[in-house]
$ cat structure.cif   # mmCIF, C-alpha atoms
data_input
loop_
_atom_site.label_atom_id
_atom_site.label_comp_id
_atom_site.auth_asym_id
_atom_site.auth_seq_id
_atom_site.Cartn_x
_atom_site.Cartn_y
_atom_site.Cartn_z
CA MET A 14 -16.26 -13.54 -15.31
CA LYS A 15 -12.90 -12.77 -16.87
CA PRO A 16 -11.88 -9.07 -17.08
CA ALA A 17 -11.70 -7.56 -20.54
CA SER A 18 -8.63 -5.38 -20.11
CA LEU A 19 -6.13 -3.99 -17.64
CA SER A 20 -8.33 -0.94 -17.18
CA MET A 21 -10.79 -3.22 -15.40
CA ILE A 22 -8.65 -3.01 -12.26
CA ASP A 23 -10.85 -0.12 -11.08
CA VAL A 24 -13.97 -2.20 -11.73
CA TRP A 25 -12.53 -5.08 -9.74
CA THR A 26 -11.64 -2.77 -6.86
CA GLU A 27 -15.08 -1.18 -6.71
CA LYS A 28 -16.88 -4.49 -7.12
CA HIS A 29 -15.12 -6.08 -4.16
CA ARG A 30 -14.99 -3.00 -1.93
CA PRO A 31 -17.09 -3.37 1.25
CA ASP A 32 -20.35 -1.39 1.39
CA THR A 33 -20.30 -1.03 5.18
CA LEU A 34 -17.75 -0.79 7.96
CA GLY A 35 -18.90 -4.19 9.17
CA GLU A 36 -17.54 -5.77 5.98
CA VAL A 37 -14.04 -4.27 6.33
CA VAL A 38 -11.56 -7.00 7.32
CA GLY A 39 -8.16 -6.92 8.93
CA GLN A 40 -8.61 -3.64 10.84
CA GLU A 41 -11.08 -4.70 13.53
CA ASN A 42 -9.94 -2.27 16.24
CA ILE A 43 -10.22 0.68 13.88
CA VAL A 44 -13.60 -0.47 12.57
CA ASP A 45 -14.99 -0.71 16.13
CA ARG A 46 -14.03 2.91 16.83
CA LEU A 47 -15.44 4.14 13.52
CA GLU A 48 -18.71 2.29 14.08
CA ALA A 49 -19.01 3.98 17.49
CA PHE A 50 -18.66 7.37 15.78
CA VAL A 51 -21.41 6.48 13.31
CA GLU A 52 -23.70 5.12 16.03
CA ASN A 53 -23.41 8.35 18.04
CA ASP A 54 -23.45 10.53 14.89
CA GLU A 55 -20.32 12.27 16.18
CA VAL A 56 -17.57 12.03 13.57
CA PRO A 57 -14.43 14.07 14.32
CA HIS A 58 -11.69 15.13 11.94
CA MET A 59 -9.59 12.00 11.37
CA LEU A 60 -6.14 11.04 10.11
CA PHE A 61 -5.73 7.58 8.55
CA ALA A 62 -2.04 6.60 8.41
CA GLY A 63 -0.46 3.40 7.18
CA PRO A 64 0.94 1.45 4.22
CA ALA A 65 -0.76 1.37 0.82
CA GLY A 66 -3.55 -1.12 0.22
CA THR A 67 -4.53 -1.63 3.87
CA GLY A 68 -8.06 -0.20 3.74
CA LYS A 69 -7.76 3.54 4.42
CA THR A 70 -9.85 4.70 1.46
CA THR A 71 -12.23 1.76 1.82
CA SER A 72 -12.86 2.59 5.48
CA ALA A 73 -13.58 6.24 4.68
CA ILE A 74 -16.09 5.33 1.96
CA ALA A 75 -17.72 2.63 4.12
CA LEU A 76 -18.07 5.14 6.96
CA ALA A 77 -19.77 7.61 4.62
CA LYS A 78 -22.19 4.92 3.40
CA ASP A 79 -23.05 3.92 6.96
CA LEU A 80 -23.50 7.54 8.00
CA TYR A 81 -25.48 8.93 5.05
CA GLY A 82 -27.11 5.89 3.42
CA ASP A 83 -28.24 6.42 -0.18
CA GLU A 84 -27.27 10.10 -0.09
CA TRP A 85 -23.63 9.43 0.76
CA LYS A 86 -22.28 10.64 -2.60
CA GLN A 87 -23.88 14.06 -2.15
CA ASN A 88 -22.25 14.49 1.26
CA PHE A 89 -18.85 12.96 0.53
CA MET A 90 -16.03 14.34 -1.60
CA GLU A 91 -12.82 12.46 -2.34
CA THR A 92 -9.76 14.15 -3.78
CA ASN A 93 -6.23 12.87 -4.29
CA ALA A 94 -3.72 15.29 -2.87
CA SER A 95 -0.83 13.81 -4.86
CA ASP A 96 -2.55 14.94 -8.07
CA GLU A 97 -3.69 18.30 -6.69
CA ARG A 98 -1.10 19.11 -4.05
CA GLY A 99 -0.89 22.91 -4.20
CA ILE A 100 -2.59 25.57 -2.17
CA ASP A 101 -5.17 26.27 -4.90
CA VAL A 102 -6.93 22.93 -4.42
CA VAL A 103 -7.52 23.81 -0.76
CA ARG A 104 -8.56 27.40 -1.45
CA GLU A 105 -10.93 26.49 -4.26
CA LYS A 106 -12.05 22.86 -4.57
CA VAL A 107 -12.02 21.89 -0.90
CA LYS A 108 -13.28 25.22 0.42
CA ASN A 109 -16.15 25.39 -2.09
CA PHE A 110 -17.38 21.93 -1.11
CA ALA A 111 -16.96 22.64 2.61
CA ARG A 112 -19.06 25.81 2.56
CA THR A 113 -22.10 24.23 0.83
CA LYS A 114 -24.88 22.81 2.97
CA SER A 115 -25.07 19.07 3.57
CA ILE A 116 -28.09 17.06 2.35
CA GLY A 117 -30.15 15.36 5.07
CA ALA A 118 -27.26 15.49 7.55
CA ASP A 119 -25.62 17.86 10.00
CA TYR A 120 -22.27 17.81 8.22
CA LYS A 121 -20.50 16.44 5.16
CA ILE A 122 -17.16 14.67 4.80
CA ILE A 123 -14.12 15.60 2.72
CA PHE A 124 -11.64 12.79 2.19
CA LEU A 125 -8.12 13.89 1.23
CA ASP A 126 -6.20 10.88 -0.02
CA GLU A 127 -2.37 10.95 0.05
CA ALA A 128 -2.49 14.09 2.17
CA ASP A 129 1.23 13.77 2.93
CA ALA A 130 1.82 14.97 -0.64
CA LEU A 131 0.31 18.39 0.14
CA THR A 132 2.80 21.23 0.19
CA SER A 133 3.48 23.04 3.45
CA ASP A 134 1.50 26.09 2.26
CA ALA A 135 -1.42 23.87 1.26
CA GLN A 136 -1.41 22.21 4.69
CA GLN A 137 -1.46 25.60 6.40
CA ALA A 138 -4.43 26.61 4.24
CA LEU A 139 -6.12 23.32 5.04
CA ARG A 140 -5.61 23.91 8.75
CA ARG A 141 -7.43 27.24 8.48
CA THR A 142 -10.24 25.67 6.42
CA MET A 143 -10.72 22.96 9.05
CA GLU A 144 -11.12 25.70 11.67
CA GLN A 145 -13.59 27.74 9.62
CA PHE A 146 -15.93 24.95 8.55
CA SER A 147 -15.76 22.48 11.45
CA ASP A 148 -19.50 22.92 12.12
CA ASN A 149 -20.45 22.02 8.56
CA CYS A 150 -17.73 19.62 7.48
CA ARG A 151 -15.49 16.83 8.74
CA PHE A 152 -12.12 16.08 7.19
CA ILE A 153 -10.56 12.64 6.80
CA LEU A 154 -6.91 12.75 5.75
CA SER A 155 -5.19 9.62 4.46
CA CYS A 156 -1.42 9.28 4.27
CA ASN A 157 1.41 6.77 4.25
CA TYR A 158 3.59 8.84 6.58
CA SER A 159 1.87 10.83 9.32
CA SER A 160 5.17 12.59 10.13
CA LYS A 161 4.72 14.59 6.92
CA ILE A 162 1.48 16.12 8.21
CA ILE A 163 2.03 19.34 10.17
CA ASP A 164 1.40 19.21 13.93
CA PRO A 165 -1.51 21.71 13.95
CA ILE A 166 -3.48 19.38 11.65
CA GLN A 167 -2.53 16.23 13.56
CA SER A 168 -3.65 17.80 16.84
CA ARG A 169 -7.11 18.45 15.36
CA CYS A 170 -7.57 14.86 14.22
CA ALA A 171 -8.30 11.49 15.77
CA VAL A 172 -5.39 9.38 14.48
CA PHE A 173 -5.95 5.84 13.17
CA ARG A 174 -2.92 3.73 12.28
CA PHE A 175 -3.59 0.98 9.75
CA ASN A 176 -1.40 -2.13 9.82
CA ARG A 177 -0.61 -4.50 6.98
CA LEU A 178 -3.18 -7.25 6.74
CA GLU A 179 -2.61 -10.69 8.19
CA GLU A 180 -1.90 -13.55 5.78
CA SER A 181 -5.24 -15.19 6.64
CA ASP A 182 -7.15 -12.05 5.60
CA VAL A 183 -5.21 -11.79 2.33
CA LYS A 184 -5.74 -15.48 1.61
CA ASN A 185 -9.50 -15.18 2.17
CA TYR A 186 -9.57 -12.19 -0.17
CA ILE A 187 -7.73 -14.13 -2.89
CA THR A 188 -10.14 -17.06 -2.53
CA ARG A 189 -13.14 -14.76 -2.79
CA LEU A 190 -11.74 -13.06 -5.89
CA GLY A 191 -11.22 -16.42 -7.56
CA GLU A 192 -14.79 -17.50 -6.83
CA ASP A 193 -16.33 -14.20 -7.96
CA GLU A 194 -14.22 -13.75 -11.10
CA GLY A 195 -14.16 -17.39 -12.22
CA PHE A 196 -10.50 -18.36 -12.18
CA LYS A 197 -8.58 -21.06 -10.34
CA ILE A 198 -5.35 -20.47 -8.47
CA SER A 199 -2.95 -23.06 -7.10
CA GLU A 200 -1.89 -23.06 -3.46
CA GLU A 201 1.68 -22.25 -4.52
CA ALA A 202 0.40 -19.24 -6.50
CA VAL A 203 -1.59 -18.04 -3.47
CA GLU A 204 1.59 -18.17 -1.38
CA ALA A 205 3.45 -16.29 -4.11
CA VAL A 206 0.81 -13.54 -4.23
CA MET A 207 0.96 -13.10 -0.45
CA ARG A 208 4.75 -12.98 -0.58
CA VAL A 209 5.06 -10.30 -3.26
CA ALA A 210 2.04 -8.22 -2.18
CA GLU A 211 3.13 -8.00 1.48
CA GLY A 212 -0.34 -7.21 2.80
CA ASP A 213 -1.26 -4.70 0.09
CA LEU A 214 -4.73 -5.72 -1.17
CA ARG A 215 -4.55 -3.25 -4.05
CA ARG A 216 -1.42 -4.99 -5.30
CA VAL A 217 -3.09 -8.38 -4.79
CA THR A 218 -6.00 -7.26 -6.96
CA ASN A 219 -3.72 -5.86 -9.65
CA ILE A 220 -1.59 -9.03 -9.85
CA LEU A 221 -4.59 -11.37 -10.02
CA GLN A 222 -6.44 -9.20 -12.51
CA THR A 223 -3.43 -9.25 -14.83
CA ALA A 224 -2.74 -12.96 -14.35
CA SER A 225 -6.34 -13.99 -15.05
CA ILE A 226 -6.59 -12.25 -18.43
CA ASN A 227 -5.05 -15.16 -20.36
CA ASN A 228 -5.15 -17.88 -17.71
CA ASP A 229 -8.14 -19.65 -16.22
CA GLU A 230 -5.73 -21.44 -13.89
CA ILE A 231 -3.05 -19.29 -12.28
CA GLU A 232 0.24 -20.90 -11.26
CA GLU A 233 3.17 -19.73 -9.17
CA GLU A 234 5.32 -18.87 -12.20
CA ASP A 235 2.59 -16.56 -13.53
CA ILE A 236 2.65 -14.55 -10.31
CA TYR A 237 6.41 -13.99 -10.17
CA GLY A 238 6.48 -13.06 -13.86
CA ILE A 239 3.66 -10.51 -13.56
CA ALA A 240 4.91 -9.06 -10.27
CA ALA A 241 8.44 -8.62 -11.69
CA SER A 242 9.79 -10.46 -8.69
CA LEU A 243 12.36 -13.17 -8.13
CA ARG A 244 11.39 -16.58 -6.81
CA PRO A 245 12.63 -17.41 -3.28
CA ASP A 246 14.84 -20.26 -4.53
CA GLU A 247 16.41 -17.97 -7.15
CA ILE A 248 17.28 -15.34 -4.57
CA ARG A 249 18.65 -17.93 -2.15
CA GLU A 250 20.90 -19.34 -4.89
CA ILE A 251 22.30 -15.89 -5.66
CA LEU A 252 22.83 -15.03 -1.99
CA ASN A 253 24.43 -18.39 -1.18
CA ASP A 254 26.80 -18.07 -4.13
CA SER A 255 27.85 -14.65 -2.85
CA LEU A 256 28.32 -15.89 0.68
CA LYS A 257 30.54 -18.72 -0.58
CA GLY A 258 32.71 -16.15 -2.34
CA SER A 259 31.46 -17.00 -5.87
CA PHE A 260 30.83 -13.39 -6.78
CA MET A 261 30.94 -13.82 -10.57
CA ASP A 262 28.45 -16.72 -10.49
CA ALA A 263 26.03 -14.69 -8.37
CA ARG A 264 26.46 -11.62 -10.57
CA ASP A 265 25.90 -13.51 -13.83
CA THR A 266 22.82 -15.34 -12.50
CA LEU A 267 21.24 -12.13 -11.25
CA ALA A 268 22.04 -10.23 -14.46
CA ASP A 269 20.37 -12.93 -16.57
CA LEU A 270 17.25 -12.91 -14.36
CA MET A 271 17.00 -9.10 -14.37
CA ILE A 272 17.12 -9.05 -18.16
CA ASP A 273 14.68 -11.96 -18.50
CA ARG A 274 12.13 -10.55 -16.01
CA GLY A 275 12.62 -6.87 -16.71
CA LEU A 276 13.50 -6.19 -13.08
CA ASP A 277 14.75 -2.88 -11.78
CA GLY A 278 16.97 -2.27 -8.79
CA GLN A 279 14.17 -1.78 -6.28
CA ASP A 280 12.54 -5.07 -7.34
CA VAL A 281 15.79 -6.90 -6.62
CA ILE A 282 16.34 -5.13 -3.29
CA ASP A 283 12.82 -6.01 -2.15
CA SER A 284 13.24 -9.65 -3.20
CA ILE A 285 16.57 -9.94 -1.39
CA HIS A 286 15.16 -8.37 1.77
CA ARG A 287 12.36 -10.96 1.95
CA GLU A 288 14.84 -13.87 1.90
CA ILE A 289 17.68 -12.71 4.13
CA PHE A 290 16.03 -13.81 7.37
CA ASP A 291 15.64 -17.40 6.14
CA LEU A 292 19.32 -17.84 5.25
CA ASN A 293 21.24 -20.45 7.22
CA ILE A 294 23.81 -18.01 8.59
CA SER A 295 24.54 -16.39 11.95
CA GLU A 296 22.53 -13.52 13.38
CA ARG A 297 25.60 -11.33 13.17
CA ALA A 298 25.92 -12.02 9.45
CA LYS A 299 22.25 -11.18 8.88
CA LEU A 300 22.76 -7.92 10.76
CA GLU A 301 25.66 -6.94 8.51
CA ILE A 302 23.77 -7.92 5.34
CA ILE A 303 20.71 -5.87 6.33
CA GLU A 304 22.93 -2.89 7.14
CA ASN A 305 24.61 -3.12 3.73
CA LEU A 306 21.31 -3.65 1.94
CA GLY A 307 19.88 -0.48 3.49
CA GLU A 308 22.90 1.50 2.38
CA PHE A 309 22.70 0.32 -1.23
CA GLU A 310 18.91 0.76 -1.36
CA PHE A 311 19.42 4.38 -0.29
CA ARG A 312 22.06 4.91 -2.97
CA ILE A 313 19.66 3.61 -5.64
CA SER A 314 16.85 5.86 -4.36
CA GLU A 315 19.22 8.84 -4.57
CA GLY A 316 19.92 8.16 -8.24
CA GLY A 317 22.82 5.73 -8.20
CA SER A 318 23.10 3.14 -10.97
CA ALA A 319 21.01 0.12 -9.88
CA ASP A 320 23.28 -2.37 -11.67
CA ILE A 321 26.46 -1.02 -10.09
CA GLN A 322 24.93 -0.73 -6.61
CA ILE A 323 23.52 -4.26 -6.64
CA GLU A 324 26.85 -5.65 -7.88
CA ALA A 325 28.55 -3.73 -5.08
CA PHE A 326 26.13 -5.29 -2.58
CA LEU A 327 26.90 -8.80 -3.86
CA ALA A 328 30.61 -8.00 -3.64
CA LYS A 329 30.13 -6.95 -0.03
CA MET A 330 28.41 -10.26 0.69
CA ALA A 331 31.18 -12.22 -1.01
CA ASP A 332 33.68 -10.46 1.21
CA LEU A 333 31.63 -10.98 4.36
CA GLU A 334 33.20 -12.85 7.22
CA HIS A 335 30.54 -14.45 9.38
CA ASN A 336 30.62 -16.80 12.32
#

$ encode --input "structure.cif" --output "structure tokens"
Amino acid sequence: MKPASLSMIDVWTEKHRPDTLGEVVGQENIVDRLEAFVENDEVPHMLFAGPAGTGKTTSAIALAKDLYGDEWKQNFMETNASDERGIDVVREKVKNFARTKSIGADYKIIFLDEADALTSDAQQALRRTMEQFSDNCRFILSCNYSSKIIDPIQSRCAVFRFNRLEESDVKNYITRLGEDEGFKISEEAVEAVMRVAEGDLRRVTNILQTASINNDEIEEEDIYGIAASLRPDEIREILNDSLKGSFMDARDTLADLMIDRGLDGQDVIDSIHREIFDLNISERAKLEIIENLGEFEFRISEGGSADIQIEAFLAKMADLEHN
């Protein structure tokens, strides 16, 4: 079945989300520990930390379904802290749900997604709420960076660190999506999806959903166009031109591709980073390139002009002396 519009991304995500912990793939060690909690009906406060698209939200929902069965929605509340990051959401929304009685269970679960976006005051309020309602409620906090969660909350939680999925897991997911949604995808396109998504299944779903709208057969070029990413051979050509001292050739090629693909600075930085390690140059040269790339990526993130910073990076490469 072909999706009707880009808004169907949420439908795709829900349709292919596992119903139980046993169906979650790529995080076997974490799943084993969560299943033990469910089996013993002893769920502690938990902190899920790791990159986007690795199964944190999915695992929390699957745990709730395993624990509560058909009544899981009545005993489970999900809120996104990046949308509601102030102290009021903890004092009102979270606290009101925590103080109500659970249905057919000893406790309910509150899932705070992107909890690292909560302000310091909100986290302090959350800490107090966790203390007050620990008998009636369990908290699951999800974040990309656990270092942004205050220590008093971390010390109250069992910490689970999610890793990026293996290529085999991502490939199986792509194959299943193609079979369920009725599109074909070439082997080269599968490799392209895995390259640009970097283990993020949400990004995989988004790319394939977009690519399949007008194409029953998805090819490699479709993926790089939709993902606003450069092909490996294009990046290697630009980098090799720079390393040979042909700065203007590298600059002109990259400028044309950025205009044609609508790339921004971060897209280019990410594409370059993926290809540096495969260049036929010395380890010392790779070290210097990575060091320079990190510096220019930081400048862009701090508000520097992407065009100027990327040109400066290529100039650095053209001036690089390597063994």

$ closest_atom_pairs --input "structure.cif" --of "region 276-316 of chain A" --to "region 239-250 of chain A" --cutoff "8 Å" --atoms "only C-alpha atoms" --output "Markdown table"
| residue | atom | partner | partner_atom | distance |
| --- | --- | --- | --- | --- |
| A:Leu276 | CA | A:Ala241 | CA | 5.8 |
| A:Asp280 | CA | A:Ser242 | CA | 6.2 |
| A:Val281 | CA | A:Ser242 | CA | 7.3 |
| A:Ser284 | CA | A:Leu243 | CA | 6.1 |
| A:Ile285 | CA | A:Ile248 | CA | 6.3 |
| A:Glu288 | CA | A:Pro245 | CA | 6.7 |
| A:Leu292 | CA | A:Arg249 | CA | 7.4 |

$ write_last_selection --input "structure.cif" --atoms "C-alpha atoms" --output "compact mmCIF listing (two decimals), in the frame of the given file"
# COMPACT_ATOMS: atom_id res chain seq x y z
CA LEU A 276 13.50 -6.19 -13.08
CA ASP A 280 12.54 -5.07 -7.34
CA VAL A 281 15.79 -6.90 -6.62
CA SER A 284 13.24 -9.65 -3.20
CA ILE A 285 16.57 -9.94 -1.39
CA GLU A 288 14.84 -13.87 1.90
CA LEU A 292 19.32 -17.84 5.25

$ atom_distance --input "structure.cif" --atom1 "CA of Asn88 (chain A)" --atom2 "CA of Phe146 (chain A)"
14.2 Å

$ closest_residue --input "structure.cif" --among "A:Arg312, A:Ser295, A:Ile282, A:Glu230" --to "Gly195 (chain A)" --atoms "all atoms listed in the file"
A:Glu230

$ residues_around --input "structure.cif" --residues "Thr113 (chain A)" --least-positions-apart "4" --cutoff "10 Å" --atoms "all atoms listed in the file" --output "list in words"
Asn88, Lys108, Asn109, Tyr120, Lys121, Phe146, Asn149 and Cys150 of chain A

$ axis_aligned_box --input "structure.cif" --around "region 60-76 of chain A" --padding-each-side "3 Å" --output "lines of an AutoDock Vina configuration file"
center_x = -8.6
center_y = 4.7
center_z = 5.2
size_x = 25.0
size_y = 18.7
size_z = 15.9

$ atom_distance --input "structure.cif" --atom1 "CA of Leu131 (chain A)" --atom2 "CA of Glu105 (chain A)"
14.5 Å

$ closest_residue --input "structure.cif" --among "A:Leu154, A:Met59, A:Leu178, A:Leu214" --to "Glu41 (chain A)" --atoms "all atoms listed in the file"
A:Leu178

$ residues_around --input "structure.cif" --residues "region 45-56 of chain A" --least-positions-apart "6" --cutoff "10 Å" --atoms "all atoms listed in the file" --output "JSON, numbers by chain"
{"A": [33, 34, 35, 72, 73, 75, 76, 77, 79, 80, 81, 118, 119, 120, 121, 122, 150, 151, 152, 153, 171, 173]}

$ write_last_selection --input "structure.cif" --atoms "C-alpha atoms" --output "PDB file, keeping the file's coordinate frame"
ATOM      1  CA  THR A  33     -20.300  -1.030   5.180  1.00  0.00           C
ATOM      2  CA  LEU A  34     -17.750  -0.790   7.960  1.00  0.00           C
ATOM      3  CA  GLY A  35     -18.900  -4.190   9.170  1.00  0.00           C
ATOM      4  CA  SER A  72     -12.860   2.590   5.480  1.00  0.00           C
ATOM      5  CA  ALA A  73     -13.580   6.240   4.680  1.00  0.00           C
ATOM      6  CA  ALA A  75     -17.720   2.630   4.120  1.00  0.00           C
ATOM      7  CA  LEU A  76     -18.070   5.140   6.960  1.00  0.00           C
ATOM      8  CA  ALA A  77     -19.770   7.610   4.620  1.00  0.00           C
ATOM      9  CA  ASP A  79     -23.050   3.920   6.960  1.00  0.00           C
ATOM     10  CA  LEU A  80     -23.500   7.540   8.000  1.00  0.00           C
ATOM     11  CA  TYR A  81     -25.480   8.930   5.050  1.00  0.00           C
ATOM     12  CA  ALA A 118     -27.260  15.490   7.550  1.00  0.00           C
ATOM     13  CA  ASP A 119     -25.620  17.860  10.000  1.00  0.00           C
ATOM     14  CA  TYR A 120     -22.270  17.810   8.220  1.00  0.00           C
ATOM     15  CA  LYS A 121     -20.500  16.440   5.160  1.00  0.00           C
ATOM     16  CA  ILE A 122     -17.160  14.670   4.800  1.00  0.00           C
ATOM     17  CA  CYS A 150     -17.730  19.620   7.480  1.00  0.00           C
ATOM     18  CA  ARG A 151     -15.490  16.830   8.740  1.00  0.00           C
ATOM     19  CA  PHE A 152     -12.120  16.080   7.190  1.00  0.00           C
ATOM     20  CA  ILE A 153     -10.560  12.640   6.800  1.00  0.00           C
ATOM     21  CA  ALA A 171      -8.300  11.490  15.770  1.00  0.00           C
ATOM     22  CA  PHE A 173      -5.950   5.840  13.170  1.00  0.00           C
TER      23      PHE A 173
END

$ residues_around --input "structure.cif" --residues "Glu127 (chain A)" --least-positions-apart "3" --cutoff "9 Å" --atoms "all atoms listed in the file" --output "ChimeraX atom specification"
/A:92-95,130-131,154-157

$ closest_residue --input "structure.cif" --among "A:Met330, A:Ile231, A:Met271, A:Leu190" --to "Ser259 (chain A)" --atoms "all atoms listed in the file"
A:Met330

$ atom_distance --input "structure.cif" --atom1 "CA of Leu306 (chain A)" --atom2 "CA of Asp291 (chain A)"
15.5 Å
